[in-house]
$ cat entry.cif   # mmCIF, C-alpha atoms
data_entry
loop_
_atom_site.group_PDB
_atom_site.id
_atom_site.type_symbol
_atom_site.label_atom_id
_atom_site.label_comp_id
_atom_site.auth_asym_id
_atom_site.auth_seq_id
_atom_site.Cartn_x
_atom_site.Cartn_y
_atom_site.Cartn_z
ATOM 1 C CA MET A 30 18.139 44.755 152.145
ATOM 2 C CA THR A 31 19.100 48.383 151.509
ATOM 3 C CA THR A 32 16.506 51.116 151.281
ATOM 4 C CA PRO A 33 16.843 53.467 148.299
ATOM 5 C CA GLN A 34 17.725 56.363 150.594
ATOM 6 C CA LEU A 35 20.708 54.471 152.008
ATOM 7 C CA ALA A 36 22.047 53.240 148.673
ATOM 8 C CA PRO A 37 24.462 56.192 148.195
ATOM 9 C CA VAL A 38 25.796 55.752 151.744
ATOM 10 C CA VAL A 39 26.262 52.012 151.259
ATOM 11 C CA GLU A 40 28.032 52.644 147.933
ATOM 12 C CA CYS A 41 30.368 55.168 149.585
ATOM 13 C CA ILE A 42 31.205 52.721 152.384
ATOM 14 C CA HIS A 43 31.780 49.931 149.865
ATOM 15 C CA ARG A 44 34.098 52.144 147.787
ATOM 16 C CA THR A 45 36.016 53.179 150.920
ATOM 17 C CA VAL A 46 36.485 49.557 151.989
ATOM 18 C CA LEU A 47 37.825 48.613 148.550
ATOM 19 C CA ASP A 48 40.173 51.628 148.493
ATOM 20 C CA THR A 49 41.469 50.844 151.972
ATOM 21 C CA SER A 50 42.039 47.206 151.098
ATOM 22 C CA ASP A 51 43.965 48.192 147.956
ATOM 23 C CA ARG A 52 46.108 50.670 149.892
ATOM 24 C CA VAL A 53 46.983 48.183 152.621
ATOM 25 C CA ALA A 54 47.926 45.571 150.012
ATOM 26 C CA ALA A 55 50.120 48.107 148.187
ATOM 27 C CA LEU A 56 51.854 49.245 151.376
ATOM 28 C CA LEU A 57 52.570 45.639 152.344
ATOM 29 C CA LEU A 58 54.134 45.058 148.915
ATOM 30 C CA LEU A 59 56.128 48.264 149.222
ATOM 31 C CA SER A 60 57.647 47.032 152.481
ATOM 32 C CA ARG A 61 59.273 44.137 150.607
ATOM 33 C CA SER A 62 62.422 44.412 148.551
ATOM 34 C CA PRO A 63 61.783 44.942 144.816
ATOM 35 C CA GLU A 64 63.764 41.792 144.019
ATOM 36 C CA ALA A 65 61.420 39.725 146.211
ATOM 37 C CA LEU A 66 58.318 40.731 144.243
ATOM 38 C CA ASP A 67 57.089 39.200 141.064
ATOM 39 C CA ALA A 68 56.306 41.855 138.499
ATOM 40 C CA PRO A 69 53.781 40.535 135.990
ATOM 41 C CA ARG A 70 53.322 42.163 132.614
ATOM 42 C CA LEU A 71 50.576 44.692 133.197
ATOM 43 C CA GLY A 72 48.460 46.683 130.760
ATOM 44 C CA LEU A 73 47.908 50.110 132.270
ATOM 45 C CA LEU A 74 44.876 51.253 130.296
ATOM 46 C CA ALA A 75 42.273 49.355 132.353
ATOM 47 C CA LEU A 76 43.989 50.362 135.590
ATOM 48 C CA VAL A 77 44.058 54.063 134.589
ATOM 49 C CA GLU A 78 40.400 53.902 133.526
ATOM 50 C CA ARG A 79 39.511 52.388 136.923
ATOM 51 C CA GLU A 80 41.366 55.152 138.802
ATOM 52 C CA VAL A 81 39.669 57.835 136.698
ATOM 53 C CA GLU A 82 36.252 56.378 137.564
ATOM 54 C CA ARG A 83 37.190 56.168 141.258
ATOM 55 C CA CYS A 84 37.968 59.894 141.227
ATOM 56 C CA ARG A 85 34.784 61.094 139.528
ATOM 57 C CA PRO A 86 32.859 61.353 142.846
ATOM 58 C CA LEU A 87 35.506 63.809 144.090
ATOM 59 C CA LEU A 88 34.384 66.297 141.446
ATOM 60 C CA VAL A 89 30.638 66.221 142.094
ATOM 61 C CA GLY A 90 29.448 69.811 142.376
ATOM 62 C CA LYS A 91 32.630 71.266 140.893
ATOM 63 C CA PRO A 92 32.788 72.704 137.369
ATOM 64 C CA VAL A 93 35.676 70.380 136.516
ATOM 65 C CA ARG A 94 35.943 67.911 133.614
ATOM 66 C CA LEU A 95 37.907 64.721 134.203
ATOM 67 C CA THR A 96 39.102 63.336 130.883
ATOM 68 C CA LEU A 97 41.206 60.445 129.664
ATOM 69 C CA ARG A 98 42.530 61.784 126.335
ATOM 70 C CA ASP A 99 43.116 59.385 123.436
ATOM 71 C CA PRO A 100 44.765 56.719 125.567
ATOM 72 C CA GLU A 101 47.159 54.154 124.174
ATOM 73 C CA GLU A 102 47.856 50.887 125.937
ATOM 74 C CA ALA A 103 51.089 50.871 127.900
ATOM 75 C CA TRP A 104 52.668 47.615 129.013
ATOM 76 C CA VAL A 105 54.916 47.516 132.058
ATOM 77 C CA CYS A 106 56.263 44.919 134.455
ATOM 78 C CA ALA A 107 54.780 45.935 137.792
ATOM 79 C CA ARG A 108 52.381 44.955 140.518
ATOM 80 C CA PRO A 109 48.916 46.432 139.863
ATOM 81 C CA GLU A 110 48.461 47.252 143.559
ATOM 82 C CA LEU A 111 51.509 49.530 143.594
ATOM 83 C CA THR A 112 50.858 51.092 140.212
ATOM 84 C CA GLY A 113 47.198 51.763 141.000
ATOM 85 C CA MET A 114 48.048 53.390 144.316
ATOM 86 C CA ALA A 115 50.589 55.761 142.779
ATOM 87 C CA ILE A 116 48.341 56.752 139.864
ATOM 88 C CA GLY A 117 45.367 57.107 142.194
ATOM 89 C CA ASN A 118 47.292 59.372 144.587
ATOM 90 C CA LEU A 119 48.324 61.722 141.777
ATOM 91 C CA LEU A 120 44.850 61.775 140.294
ATOM 92 C CA ARG A 121 43.110 62.374 143.641
ATOM 93 C CA ASN A 122 45.440 65.303 144.343
ATOM 94 C CA ALA A 123 44.623 66.820 140.950
ATOM 95 C CA CYS A 124 40.883 66.455 141.581
ATOM 96 C CA TYR A 125 41.144 67.785 145.131
ATOM 97 C CA TYR A 126 43.056 70.946 144.220
ATOM 98 C CA THR A 127 41.232 71.797 140.985
ATOM 99 C CA GLU A 128 38.176 73.972 141.597
ATOM 100 C CA ARG A 129 37.292 74.648 137.947
ATOM 101 C CA GLY A 130 38.493 73.661 134.531
ATOM 102 C CA GLU A 131 39.938 70.248 133.810
ATOM 103 C CA VAL A 132 41.915 67.318 135.098
ATOM 104 C CA ALA A 133 43.348 65.501 132.092
ATOM 105 C CA VAL A 134 45.034 62.111 131.930
ATOM 106 C CA LEU A 135 47.193 61.209 128.932
ATOM 107 C CA LEU A 136 48.467 57.638 128.610
ATOM 108 C CA THR A 137 50.991 56.724 125.915
ATOM 109 C CA GLY A 138 53.110 53.629 125.450
ATOM 110 C CA SER A 139 55.963 55.169 127.437
ATOM 111 C CA SER A 140 54.408 57.667 129.852
ATOM 112 C CA LEU A 141 51.443 58.816 131.868
ATOM 113 C CA VAL A 142 50.703 62.515 132.272
ATOM 114 C CA ILE A 143 48.240 63.905 134.809
ATOM 115 C CA GLU A 144 47.645 67.616 134.500
ATOM 116 C CA ASP A 145 45.157 70.027 135.968
ATOM 117 C CA THR A 146 44.020 73.633 135.872
ATOM 118 C CA GLY A 147 44.314 74.023 139.627
ATOM 119 C CA PRO A 148 46.410 76.647 141.421
ATOM 120 C CA GLY A 149 49.706 74.882 140.736
ATOM 121 C CA LEU A 150 52.347 74.404 143.364
ATOM 122 C CA PRO A 151 54.033 77.304 145.105
ATOM 123 C CA SER A 152 57.806 77.490 144.812
ATOM 124 C CA SER A 153 58.100 77.001 148.590
ATOM 125 C CA VAL A 154 56.585 73.521 148.222
ATOM 126 C CA ARG A 155 58.082 72.418 144.880
ATOM 127 C CA ALA A 156 61.569 71.718 146.233
ATOM 128 C CA GLN A 157 60.225 69.344 148.899
ATOM 129 C CA LEU A 158 57.251 68.063 146.952
ATOM 130 C CA PHE A 159 57.977 64.358 147.339
ATOM 131 C CA ASP A 160 59.116 64.558 150.980
ATOM 132 C CA ARG A 161 56.970 63.134 153.755
ATOM 133 C CA PHE A 162 54.562 65.457 155.573
ATOM 134 C CA VAL A 163 54.794 68.211 152.935
ATOM 135 C CA ARG A 164 51.378 69.505 151.900
ATOM 136 C CA GLY A 165 50.144 72.117 149.466
ATOM 137 C CA GLU A 166 49.007 75.495 150.661
ATOM 138 C CA ARG A 167 45.241 75.143 150.726
ATOM 139 C CA GLU A 168 43.181 76.748 153.487
ATOM 140 C CA SER A 169 41.123 73.679 154.366
ATOM 141 C CA GLN A 170 44.019 71.237 154.253
ATOM 142 C CA SER A 171 43.347 67.591 154.981
ATOM 143 C CA GLY A 172 45.633 64.611 154.837
ATOM 144 C CA ALA A 173 49.004 63.972 156.366
ATOM 145 C CA GLY A 174 51.194 64.987 153.437
ATOM 146 C CA LEU A 175 52.157 61.415 152.600
ATOM 147 C CA GLY A 176 50.515 60.915 149.195
ATOM 148 C CA LEU A 177 53.330 62.203 146.980
ATOM 149 C CA ALA A 178 55.999 60.691 149.227
ATOM 150 C CA ILE A 179 54.309 57.321 148.684
ATOM 151 C CA VAL A 180 54.165 57.986 144.924
ATOM 152 C CA LYS A 181 57.899 58.684 144.922
ATOM 153 C CA ARG A 182 58.612 55.554 146.977
ATOM 154 C CA ILE A 183 56.557 53.403 144.601
ATOM 155 C CA TRP A 184 58.269 54.777 141.504
ATOM 156 C CA GLU A 185 61.686 54.275 143.095
ATOM 157 C CA HIS A 186 60.620 50.735 143.984
ATOM 158 C CA LEU A 187 59.667 50.148 140.335
ATOM 159 C CA ALA A 188 62.745 52.012 139.004
ATOM 160 C CA TRP A 189 60.483 54.468 137.149
ATOM 161 C CA ASP A 190 60.719 58.238 136.928
ATOM 162 C CA VAL A 191 58.175 60.783 138.143
ATOM 163 C CA ARG A 192 58.563 64.524 137.813
ATOM 164 C CA LEU A 193 56.657 67.742 138.040
ATOM 165 C CA GLU A 194 56.766 70.000 134.993
ATOM 166 C CA ASP A 195 55.523 73.527 134.464
ATOM 167 C CA ARG A 196 52.143 73.542 132.780
ATOM 168 C CA PRO A 197 51.476 76.359 130.320
ATOM 169 C CA GLY A 198 48.605 78.443 131.679
ATOM 170 C CA GLY A 199 49.079 77.314 135.295
ATOM 171 C CA GLY A 200 48.138 74.237 137.233
ATOM 172 C CA SER A 201 50.224 71.130 137.729
ATOM 173 C CA ARG A 202 51.591 68.537 135.323
ATOM 174 C CA PHE A 203 53.015 65.278 136.628
ATOM 175 C CA VAL A 204 54.824 63.049 134.151
ATOM 176 C CA LEU A 205 55.488 59.374 134.863
ATOM 177 C CA LEU A 206 58.008 57.730 132.572
ATOM 178 C CA PHE A 207 58.040 53.960 132.194
ATOM 179 C CA PRO A 208 61.261 52.066 131.511
ATOM 180 C CA LYS A 209 61.760 50.647 128.044
#

$ encode --input "entry.cif" --output "structure tokens"
Amino acid sequence: MTTPQLAPVVECIHRTVLDTSDRVAALLLLSRSPEALDAPRLGLLALVEREVERCRPLLVGKPVRLTLRDPEEAWVCARPELTGMAIGNLLRNACYYTERGEVAVLLTGSSLVIEDTGPGLPSSVRAQLFDRFVRGERESQSGAGLGLAIVKRIWEHLAWDVRLEDRPGGGSRFVLLFPK
């Protein structure tokens, strides 16, 4: 039985266990050849909504809105473990680096856009953005610099396209294009 005071701690541990389990499953799938994996038809809307909700706790105490704007269902042939990990990595980065303003997610039938009003990426980092061990330039940096390298590896595995575009007004804008 959990006391009311421990409920938030238990919830955090539970969420961490689920996230870790999902990441391990995705990395195990990523180690296999794409031809060896089945790729079921997957609706992305529920998966994107789940990742948005997983990221809300990252914004507690920050004046940042996290919005899923007028989403459309997108159907792809992909493993949910891989797709969720890639979307989650991009979304967590946006939430982590945005101190005020908005993190917006736009899902259409052919693409997913994650944009934020954070500091954007310095030109010194942009050229190597998807390389391993490359991190943004934030004073209190955490992580190993593997998140975007994993995103790139997943999209290559799925034969999808991911790119960084300039966002009017600053911040970052990642665009994921799904194959037809």

$ closest_residue --input "entry.cif" --among "A:Ala103, A:Leu136, A:Ala188, A:Ala123" --to "A:Pro148" --atoms "all atoms listed in the file"
A:Ala123

$ residues_around --input "entry.cif" --residues "A:Ser140" --least-positions-apart "3" --cutoff "12 Å" --atoms "only C-alpha atoms" --output "ChimeraX atom specification"
/A:73-74,77,100-105,116,134-137,143,189-192,203-209

$ closest_residue --input "entry.cif" --among "A:Pro37, A:Pro86, A:Gly200, A:Pro151" --to "A:Tyr126" --atoms "all atoms listed in the file"
A:Gly200

$ atom_distance --input "entry.cif" --atom1 "atom CA of A:Gly117" --atom2 "atom CA of A:Val154"
20.8 Å

$ residues_around --input "entry.cif" --residues "A:Asp145" --least-positions-apart "2" --cutoff "10 Å" --atoms "only C-alpha atoms" --output "PDB file with C-alpha atoms, keeping the file's coordinate frame"
ATOM      1  CA  VAL A  93      35.676  70.380 136.516  1.00  0.00           C
ATOM      2  CA  ARG A  94      35.943  67.911 133.614  1.00  0.00           C
ATOM      3  CA  LEU A  95      37.907  64.721 134.203  1.00  0.00           C
ATOM      4  CA  LEU A 120      44.850  61.775 140.294  1.00  0.00           C
ATOM      5  CA  ASN A 122      45.440  65.303 144.343  1.00  0.00           C
ATOM      6  CA  ALA A 123      44.623  66.820 140.950  1.00  0.00           C
ATOM      7  CA  CYS A 124      40.883  66.455 141.581  1.00  0.00           C
ATOM      8  CA  TYR A 126      43.056  70.946 144.220  1.00  0.00           C
ATOM      9  CA  THR A 127      41.232  71.797 140.985  1.00  0.00           C
ATOM     10  CA  GLU A 128      38.176  73.972 141.597  1.00  0.00           C
ATOM     11  CA  ARG A 129      37.292  74.648 137.947  1.00  0.00           C
ATOM     12  CA  GLY A 130      38.493  73.661 134.531  1.00  0.00           C
ATOM     13  CA  GLU A 131      39.938  70.248 133.810  1.00  0.00           C
ATOM     14  CA  VAL A 132      41.915  67.318 135.098  1.00  0.00           C
ATOM     15  CA  ALA A 133      43.348  65.501 132.092  1.00  0.00           C
ATOM     16  CA  VAL A 134      45.034  62.111 131.930  1.00  0.00           C
ATOM     17  CA  ILE A 143      48.240  63.905 134.809  1.00  0.00           C
ATOM     18  CA  GLY A 147      44.314  74.023 139.627  1.00  0.00           C
ATOM     19  CA  PRO A 148      46.410  76.647 141.421  1.00  0.00           C
ATOM     20  CA  GLY A 149      49.706  74.882 140.736  1.00  0.00           C
ATOM     21  CA  ARG A 196      52.143  73.542 132.780  1.00  0.00           C
ATOM     22  CA  GLY A 199      49.079  77.314 135.295  1.00  0.00           C
ATOM     23  CA  GLY A 200      48.138  74.237 137.233  1.00  0.00           C
ATOM     24  CA  SER A 201      50.224  71.130 137.729  1.00  0.00           C
ATOM     25  CA  ARG A 202      51.591  68.537 135.323  1.00  0.00           C
ATOM     26  CA  PHE A 203      53.015  65.278 136.628  1.00  0.00           C
TER      27      PHE A 203
END

$ axis_aligned_box --input "entry.cif" --around "stretch 72-85 of chain A" --padding-each-side "8 Å" --output "lines of an AutoDock Vina configuration file"
center_x = 41.6
center_y = 53.9
center_z = 135.8
size_x = 29.7
size_y = 30.4
size_z = 27.0

$ atom_distance --input "entry.cif" --atom1 "atom CA of A:Gly90" --atom2 "atom CA of A:Arg121"
15.6 Å

$ residues_around --input "entry.cif" --residues "A:Ile183" --least-positions-apart "3" --cutoff "8 Å" --atoms "all atoms listed in the file" --output "NGL selection string"
:A and (59 or 111-112 or 115 or 179-180 or 186-187)

$ closest_residue --input "entry.cif" --among "A:Leu193, A:Ala178, A:Ala36, A:Leu47" --to "A:Glu110" --atoms "all atoms listed in the file"
A:Leu47

$ resolve_selection --input "entry.cif" --expression "the PyMOL selection byres ((chain A and resi 71) around 8)" --output "compact mmCIF listing (two decimals) with C-alpha atoms, keeping the file's coordinate frame"
# COMPACT_ATOMS: atom_id res chain seq x y z
CA PRO A 69 53.78 40.53 135.99
CA ARG A 70 53.32 42.16 132.61
CA GLY A 72 48.46 46.68 130.76
CA LEU A 73 47.91 50.11 132.27
CA TRP A 104 52.67 47.62 129.01
CA VAL A 105 54.92 47.52 132.06
CA CYS A 106 56.26 44.92 134.46
CA ALA A 107 54.78 45.94 137.79
CA ARG A 108 52.38 44.96 140.52
CA PRO A 109 48.92 46.43 139.86

$ atom_distance --input "entry.cif" --atom1 "atom CA of A:Arg83" --atom2 "atom CA of A:Gly138"
22.6 Å
